[in-house]
Amino acid sequence: MDNLVAAVIHDVKNQLAELALRLERKGDALQETRIAMDASRRLTELLLTYRQQSGQLRANIDSANPDDLLQELAVEYRGLFPDLRITVDTGAAPVFAFYDEALLRLALANAVYNACRFAKGAVTLSAYNDGEFMVFEVADDGAGFPDPLLGAAPAAPAAASSRGTGLGLFLAGRIAELHAVEGRCGSVMLDNRPDGAHFRLRLP
Amino acid sequence: MMAVVNPLSNTKVLVIDDQAGMRTQLQMSLTHSGFEKLHVVSCIKDALAKLQGEHYDIILCDYFLGESTNGQQFLEYLRTKDLIGRNTLFVMITAERTYEKVVTAAECAPDDYLLKPFTAEQLNQRLQKLMERQTHFALVDKATDAKDWKRVVAECDRLITEKDKYFIEACKIKGAALIKGGLADEAEAHYRQMLELRPLPWAKLGLARALGLKGEKEAAARMAREVVTEHGSFMGAYDFLGGVLAEAGDKDGALEVLQAARQVSPGTLTRIRNVAELAVDTGKNEIAEQVMGEALTRHKYSPVREAQDYAILSRALTEQGKSDKALGVLKEAKGSFKDAASNVILATVECLAHRKAGNLELAEAALAQALAADHGNLPAAVSAAVADACFALGKEDRANDLLKQVIQNNPDDTKVHDKVSAVLASAGKDADEAQAMIAASASEIIALNNEGVRKAQAGELPEAIMLLCDAADRLPNNIQIVSNASLALALDLARNGYNAVKFKECLRYRQQVVDKTPDYPKLAQIDSMLIKVQKPHG
């Protein structure tokens with residue numbers, strides 16, 4: 001990727017970092033903080049998509065604690081969406097699992113952000129074992145995903161939809177696929193259930 | 001908001017960020033979270049000044065520090081110089097996920113990365129979690145700081161039985177301690193077990209290290225190469241593979257691997273040092289000049305530089321006939337490095353540069369300066385380089401004396417013996433001659449030690465003390481000699497009563513032993529004698 005582009009993205013992210021901390025200190029600028037954090041996350045997604053497209057995106061897999069990851073996301077988004085009830089359920093999750101924590105955090109952050117935007121009142125983050133896979137699930141009680149999004153994550157970055165540009169979803173799918181063990185690899189599935197939208201990221 | 005009842009008010013935090021705005025915001029966020037003991041600096045020079053006077057519980061460091069040296073290079077410097085203990089948390093703040101682990105060398109990873117931007121609450125939560133982890137590993141960290149690898153293993157074993165979220169991390173630390181403690185078979189078994197659980201790159205590299213320790217160099221190199229191929233951004237594997245190849249004599253191959261690593265990540269000065277040294281050793285002086293020249297320009301004024309860096313650059317220039325330039329480099333270095341080892345390093349290469357330029361008188365003067373130092377307390381490689389220069393100037397006797405002292409000061413270190421062999425080889429000695437010289441030096445010091453012990457047992461304590469203390473001062477790294485010097489003094493004190501001078505000397509030698517090997521068996525013997533010493537009151 002172009003060094004100049006990367007350098008500019010880097011600078012803008014630094015500015016956004018400072019902006020987010022400043023806004024948070026002000027105390028009454030929640031919406032503005034949300035915008036700054038979202039803009040930054042999307043820049044990271046853009047950067048990683050470039051890397052993915054040029055075959056340079058790699059996962060650094062090591063052991064991590066699923067509960068820590070979801071708790072951290074919950075703290076972040078409770079701060080940004082104080083009116084929502086964001087709960088974490090990791091009772092059925094292993095105490096340690098193997099994945100690239102930084103990549104997973106990014107993939108899930110996008111899902112949590114979308115869930116928060118479309119939820120009526122509650123978002124649930126959970127992790128559990130499902131046979132030979134471990135699943136991270138983000139569920140909200142909103143109206144559900146639009147039909148074209150249902151099923152597996154798209155194979156190419158999609159054009160804008162009512163739930164964003166689709167870049168995050170595309171990237172989440174690729175990040176899941178980077179987690180492969182002995183021929184089994186991860187995947188992303190979206191489905192609508194009576195209680196709302198479910199985003200699931202499965203890891204071998 | 002977080003509850004205010006916390007120990008954060010006593011937690012000492014050092015923030016290093018070159019951007020004023022970010023510094024202010026971090027400071028406000030941390031203060032808001034309850035941290036009261038905060039220091040905020042803008043560059044690593046100021047950070048080092050702070051670290052010299054104070055212990056910090058947490059260091060928050062931005063990866064990009066504007067100036068030459070980045071956060072990762074700074075961390076490596078702190079760790080290799082033992083400037084921070086394991087109980088200091090080092091958190092790297094980065095704007096890009098992509099920079100993260102790419103630059104990670106196995107032993108020098110920060111405790112955590114924090115991706116910008118983050119909210120104050122996220123920062124707070126992360127620090128809380130890290131402190132929780134720190135408490136969990138407190139005893140392991142303590143043993144690691146003491147370099148007591150057996151105790152590290154024992155503490156890890158205790159944690160491993162808990163099978164909690166730190167399970168894999170405890171296994172990782174245990175493996176590294178087994179390697180450091182030289183327990184090759186246990187390390188191999190441990191890593192094979194880990195690999196069955198999951199084929200993680202660090203476990204594979206660990207297995208390669210264990211095999212290397214067992215002397216199975218080819219298998220070690222093969223495995224490390226696999227890691228390099230499968231996980232191209234796992235930098236530790238390149239460095240290890242380069243080391244194995246260089247040790248096996250394949251310096252060209254080693255250079256190739258490390259150059260490939262530099263393509264992935266320019267890396268820390270340690271790698272640049274290795275590249276430059278290999279390049280000089282293999283006659284690729286232009287590469288050494290280019291790589292080290294660039295690095296030193298980039299790291300100008302940075303404390304991570306070493307005199308040795310300038311020495312390599314100077315040698316590369318000298319070898320190419322650019323003596324003037326080589327001397328210019330040394331002049332610059334002399335302004336920055338004033339310690340004994342650096343003086344010797346720089347004087348040695350200065351000697352070679354003058355010699356190449358045909359100024360034999362100046363070469364002699366520089367060599368005399370290098371020889372005048374107390375070589376017992378210098379690293380073996382430094383003394384070996386001086387011996388090399390002695391050979392170059394035709395001073396064979398001085399060279400041999402120096403090499404003998406190096407061997408006797410490091411009687412069990414095969415790497416040092418290899419270094420001595422290499423110096424002898426480049427001076428034109430054949431392998432048999434070199435081996436004979438090393439063996440003779442080693443048996444001479446063993447004989448001296450035995451003589452000292454025999455005298456002590458025969459009751460000739462003053463003679464034993466004189467013999468052993470004289471040798472101990474000359475060979476402060478020879479733990480057998482130093483411990484026996486301490487023991488002979490302790491015997492004398494127990495038998496003949498307290499003497500302030502002898503008591504002080506005895507403790508000094510004892511401390512040298514403790515510093516090197518805290519569980520050295522002879523310490524118990526020394527202590528059992530010291531207990532009997534009646535110290536006068538007052």
# chains A, B, ... in the order shown; residues from 1 in each chain; ligands from 1

call {"tool": "select_by_dssp", "arguments": {"residues": "region 165-391 of chain B", "states": "alpha helix (DSSP H)", "output": "MDAnalysis selection string"}}
result
chainID B and resid 167:180 184:197 201:213 217:230 235:247 251:264 269:281 285:298 307:319 323:336 340:357 360:371 380:391

call {"tool": "residues_around", "arguments": {"residues": "Asp100 (chain A)", "least_positions_apart": "5", "cutoff": "8 Å", "atoms": "only C-alpha atoms", "output": "JSON, numbers by chain"}}
result
{"A": [59, 60, 61, 62]}

call {"tool": "residues_around", "arguments": {"residues": "Ala288 (chain B)", "least_positions_apart": "4", "cutoff": "10 Å", "atoms": "only C-alpha atoms", "output": "ChimeraX atom specification"}}
result
/B:272-281,283-284,292-294,312-317

call {"tool": "write_last_selection", "arguments": {"atoms": "C-alpha atoms", "output": "PDB file, in the first residue's frame"}}
result
ATOM      1  CA  ILE B 272      21.362  -4.362  12.757  1.00  0.00           C
ATOM      2  CA  ARG B 273      24.433  -5.067  14.895  1.00  0.00           C
ATOM      3  CA  ASN B 274      24.320  -8.744  13.963  1.00  0.00           C
ATOM      4  CA  VAL B 275      23.919  -7.936  10.279  1.00  0.00           C
ATOM      5  CA  ALA B 276      26.843  -5.511  10.310  1.00  0.00           C
ATOM      6  CA  GLU B 277      29.096  -7.898  12.209  1.00  0.00           C
ATOM      7  CA  LEU B 278      28.298 -10.791   9.899  1.00  0.00           C
ATOM      8  CA  ALA B 279      28.879  -8.557   6.894  1.00  0.00           C
ATOM      9  CA  VAL B 280      32.334  -7.535   8.152  1.00  0.00           C
ATOM     10  CA  ASP B 281      33.161 -11.145   9.003  1.00  0.00           C
ATOM     11  CA  GLY B 283      34.082  -9.446   3.809  1.00  0.00           C
ATOM     12  CA  LYS B 284      30.908  -7.640   2.723  1.00  0.00           C
ATOM     13  CA  MET B 292      25.248   0.570  10.306  1.00  0.00           C
ATOM     14  CA  GLY B 293      25.853   3.986   8.795  1.00  0.00           C
ATOM     15  CA  GLU B 294      22.125   4.414   8.190  1.00  0.00           C
ATOM     16  CA  ILE B 312      31.804  -2.062  13.493  1.00  0.00           C
ATOM     17  CA  LEU B 313      31.227   0.870  11.166  1.00  0.00           C
ATOM     18  CA  SER B 314      34.817   1.973  11.644  1.00  0.00           C
ATOM     19  CA  ARG B 315      36.097  -1.528  10.911  1.00  0.00           C
ATOM     20  CA  ALA B 316      33.976  -1.773   7.773  1.00  0.00           C
ATOM     21  CA  LEU B 317      35.455   1.528   6.598  1.00  0.00           C
TER      22      LEU B 317
END

call {"tool": "closest_residue", "arguments": {"among": "A:Arg34, A:His179, A:Arg41, A:His10", "to": "Leu201 (chain A)", "atoms": "only C-alpha atoms"}}
result
A:His179

call {"tool": "closest_atom_pairs", "arguments": {"of": "chain A", "to": "chain B", "cutoff": "9 Å", "atoms": "only C-alpha atoms", "output": "JSON lines"}}
result
{"residue": "A:His10", "atom": "CA", "partner": "B:Ala95", "partner_atom": "CA", "distance": 6.2}
{"residue": "A:Asp11", "atom": "CA", "partner": "B:Ala95", "partner_atom": "CA", "distance": 8.4}
{"residue": "A:Lys13", "atom": "CA", "partner": "B:Ala95", "partner_atom": "CA", "distance": 6.3}
{"residue": "A:Asn14", "atom": "CA", "partner": "B:Ala95", "partner_atom": "CA", "distance": 6.3}
{"residue": "A:Gln15", "atom": "CA", "partner": "B:Pro117", "partner_atom": "CA", "distance": 8.7}
{"residue": "A:Leu16", "atom": "CA", "partner": "B:Pro117", "partner_atom": "CA", "distance": 6.5}
{"residue": "A:Ala17", "atom": "CA", "partner": "B:Pro117", "partner_atom": "CA", "distance": 3.8}
{"residue": "A:Glu18", "atom": "CA", "partner": "B:Met22", "partner_atom": "CA", "distance": 5.7}
{"residue": "A:Leu19", "atom": "CA", "partner": "B:Pro117", "partner_atom": "CA", "distance": 8.6}
{"residue": "A:Ala20", "atom": "CA", "partner": "B:Thr119", "partner_atom": "CA", "distance": 6.6}
{"residue": "A:Leu21", "atom": "CA", "partner": "B:Thr119", "partner_atom": "CA", "distance": 5.8}
{"residue": "A:Arg22", "atom": "CA", "partner": "B:Gln25", "partner_atom": "CA", "distance": 6.6}
{"residue": "A:Glu24", "atom": "CA", "partner": "B:Thr119", "partner_atom": "CA", "distance": 7.0}
{"residue": "A:Arg25", "atom": "CA", "partner": "B:Ser29", "partner_atom": "CA", "distance": 7.5}
{"residue": "A:Thr33", "atom": "CA", "partner": "B:Thr119", "partner_atom": "CA", "distance": 8.8}
{"residue": "A:Ala36", "atom": "CA", "partner": "B:Pro117", "partner_atom": "CA", "distance": 8.6}
{"residue": "A:Met37", "atom": "CA", "partner": "B:Pro117", "partner_atom": "CA", "distance": 6.8}
{"residue": "A:Ser40", "atom": "CA", "partner": "B:Pro117", "partner_atom": "CA", "distance": 7.1}
{"residue": "A:Arg41", "atom": "CA", "partner": "B:Pro117", "partner_atom": "CA", "distance": 8.6}
{"residue": "A:Thr44", "atom": "CA", "partner": "B:Glu96", "partner_atom": "CA", "distance": 7.2}
{"residue": "A:Leu47", "atom": "CA", "partner": "B:Thr98", "partner_atom": "CA", "distance": 8.7}
{"residue": "A:Leu48", "atom": "CA", "partner": "B:Thr98", "partner_atom": "CA", "distance": 7.9}
{"residue": "A:Leu57", "atom": "CA", "partner": "B:Thr98", "partner_atom": "CA", "distance": 8.6}
{"residue": "A:Arg58", "atom": "CA", "partner": "B:Ser233", "partner_atom": "CA", "distance": 8.4}
{"residue": "A:Asn60", "atom": "CA", "partner": "B:Lys101", "partner_atom": "CA", "distance": 7.6}
{"residue": "A:Ile61", "atom": "CA", "partner": "B:Leu200", "partner_atom": "CA", "distance": 7.1}
{"residue": "A:Asp62", "atom": "CA", "partner": "B:Leu200", "partner_atom": "CA", "distance": 6.8}
{"residue": "A:Ser63", "atom": "CA", "partner": "B:Ile168", "partner_atom": "CA", "distance": 6.3}
{"residue": "A:Ala64", "atom": "CA", "partner": "B:Lys165", "partner_atom": "CA", "distance": 7.4}
{"residue": "A:Asn65", "atom": "CA", "partner": "B:Lys165", "partner_atom": "CA", "distance": 5.9}
{"residue": "A:Asp68", "atom": "CA", "partner": "B:Lys129", "partner_atom": "CA", "distance": 8.5}
{"residue": "A:Glu72", "atom": "CA", "partner": "B:Gln122", "partner_atom": "CA", "distance": 7.0}
{"residue": "A:Leu73", "atom": "CA", "partner": "B:Gln122", "partner_atom": "CA", "distance": 8.7}
{"residue": "A:Val75", "atom": "CA", "partner": "B:Gln122", "partner_atom": "CA", "distance": 6.8}
{"residue": "A:Glu76", "atom": "CA", "partner": "B:Gln122", "partner_atom": "CA", "distance": 6.2}
{"residue": "A:Gly79", "atom": "CA", "partner": "B:Glu121", "partner_atom": "CA", "distance": 8.0}
{"residue": "A:Pro94", "atom": "CA", "partner": "B:Lys165", "partner_atom": "CA", "distance": 8.5}
{"residue": "A:Val95", "atom": "CA", "partner": "B:Lys165", "partner_atom": "CA", "distance": 4.8}
{"residue": "A:Phe96", "atom": "CA", "partner": "B:Lys165", "partner_atom": "CA", "distance": 5.1}
{"residue": "A:Ala97", "atom": "CA", "partner": "B:Lys165", "partner_atom": "CA", "distance": 8.7}
{"residue": "A:Phe98", "atom": "CA", "partner": "B:Arg198", "partner_atom": "CA", "distance": 8.3}
{"residue": "A:Ala102", "atom": "CA", "partner": "B:Arg97", "partner_atom": "CA", "distance": 7.0}
{"residue": "A:Leu103", "atom": "CA", "partner": "B:Arg97", "partner_atom": "CA", "distance": 8.2}
{"residue": "A:Val181", "atom": "CA", "partner": "B:Pro199", "partner_atom": "CA", "distance": 8.5}

call {"tool": "closest_residue", "arguments": {"among": "A:Lys120, A:Leu125, A:Asn110, A:Glu32", "to": "Ala93 (chain A)", "atoms": "only C-alpha atoms"}}
result
A:Leu125

call {"tool": "select_by_dssp", "arguments": {"residues": "region 38-182 of chain B", "states": "strand (DSSP E or B)", "output": "list in words"}}
result
Leu38, His39, Val40, Val41, Ile58, Ile59, Leu60, Cys61, Asp62, Leu89, Phe90, Val91, Met92, Ile93, Thr94, Asp112, Tyr113, Leu114 and Leu115 of chain B

call {"tool": "write_last_selection", "arguments": {"atoms": "C-alpha atoms", "output": "compact mmCIF listing (two decimals), in the first residue's frame"}}
result
# COMPACT_ATOMS: atom_id res chain seq x y z
CA LEU B 38 2.28 10.45 37.27
CA HIS B 39 5.27 11.60 35.33
CA VAL B 40 4.93 12.68 31.75
CA VAL B 41 7.89 13.10 29.39
CA ILE B 58 3.51 1.20 34.62
CA ILE B 59 5.18 2.74 31.57
CA LEU B 60 2.89 3.96 28.82
CA CYS B 61 4.97 4.56 25.72
CA ASP B 62 3.94 5.71 22.28
CA LEU B 89 4.32 -3.00 33.07
CA PHE B 90 5.27 -1.67 29.67
CA VAL B 91 2.31 -0.75 27.49
CA MET B 92 2.90 0.30 23.89
CA ILE B 93 0.46 2.79 22.42
CA THR B 94 0.13 2.55 18.66
CA ASP B 112 0.29 -5.03 26.07
CA TYR B 113 -0.56 -2.88 23.08
CA LEU B 114 -3.14 -0.15 23.21
CA LEU B 115 -4.61 0.85 19.90

call {"tool": "residues_around", "arguments": {"residues": "Val420 (chain B)", "least_positions_apart": "3", "cutoff": "7 Å", "atoms": "only C-alpha atoms", "output": "list in words"}}
result
Ala384, Leu403, Val416, His417, Val423 and Leu424 of chain B

call {"tool": "atom_distance", "arguments": {"atom1": "CA of Ile86 (chain A)", "atom2": "CA of Ala122 (chain A)"}}
result
5.9 Å

call {"tool": "closest_residue", "arguments": {"among": "B:Leu83, B:Ala220, B:Leu448, B:Val15", "to": "Gly71 (chain B)", "atoms": "only C-alpha atoms"}}
result
B:Val15
